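Structure first, commentary second.
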Amino acid sequence: MFTQRDKIKELAGYMVRDKNTQCFVFRNVNYKPNGVSEVITCEYTIKDIRIVYNEWFVEGFELASKMKLPGTEKHGQLVKGSGVIISTNNKGTYTFYGCDAISIKNACELNRDLTSYMLENHTIQK
């Protein structure tokens with residue numbers, strides 16, 4: 001039998017694939033870079049569901065990998081211990097780890113180019 005937690009996970013994974021999902025991706029300055037990797041925070045909102053997670057990111061991954069720069073091994077991995085947080089207005093907030101977190105992250109990033117979203121949300125710091 002499905003628990004409320006299982007239902008939220010399945011619903012979020014299904015809903016986030018919708019093309020009307022709002023996506024906000026930005027560099028997270030609360031984590032220091034690791035080699036050429038830096039942490040980005042991804043936030044997706046559709047109807048009353050909000051999904052947030054932190055992930056290591058390398059811009060120009062293929063080039064960094066060819067140059068054997070340090071930090072490329074973190075590309076696409078969730079920040080250790082951070083998990084994927086799903087919040088709903090009426091069903092509560094849940095944090096997912098491990099395989100559950102990865103499956104939600106993959107659903108969120110399906111057919112989305114995170115680099116483009118980062119450029120859209122980029123602000124110049126003085």
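Scheme for the structure tokens: letters A, B, ... for chains in order shown; per-chain residue numbers from 1; ligand numbers from 1 in order shown.
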
Practice problem: Would you kindly return, as an NGL selection string, each protein, DNA or RNA residue with an atom no farther than 8 Å from any atom of Leu69 of chain A, considering only C-alpha atoms and excluding same-chain residues fewer than 3 positions away? | Solution: :A and (35-36 or 64-66 or 72)

Practice problem: Mind the document's chain letters and residue numbers, and return as a list in words the residues of segment 78-110 of chain A that DSSP labels strand (DSSP E or B). | Solution: Leu78, Val84, Ile85, Ile86, Ser87, Thr88, Gly92, Thr93, Tyr94, Thr95 and Phe96 of chain A

Quiz item: Quick one: DSSP helix (DSSP H, G or I) residues in chain A, as JSON, numbers by chain?
Solution: {"A": [4, 5, 6, 7, 8, 9, 10, 11, 12, 13, 14, 15, 61, 62, 63, 64, 65, 66, 72, 73, 74, 98, 99, 100, 101, 102, 103, 104, 105, 106, 107, 108, 109, 114, 115, 116, 117, 118, 119, 120]}

Quiz prompt | Two-atom distance - atom CA of Thr45 of chain A, atom CA of Thr21 of chain A (Å) | solution = 5.7 Å

Quiz item: With only C-alpha atoms as the basis for distance, which of A:Tyr14, A:Phe96, A:Phe2, A:Tyr31 is at the shortest distance from Val52 of chain A?
Solution: A:Phe96

Quiz prompt | Selection near segment 53-58 of chain A, 10 Å with only C-alpha atoms, sequence-local residues under 5 positions removed, as a PyMOL selection string | solution = chain A and resi 25-28+31+33-44+63-65+71-86+95-96+101+104-105+114-115

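Nearest to Ala107 of chain A of all the residues A:Val16, A:Ile51, A:Leu11, A:Val29 is A:Val16, counting only C-alpha atoms.
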
Practice problem: Go ahead and compute the interatomic distance for atom CA of Tyr94 of chain A and atom CA of Asp113 of chain A, in Å to one decimal. | Solution: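 Computing the Euclidean distance for atom CA of Tyr94 of chain A and atom CA of Asp113 of chain A yields 25.7 Å.
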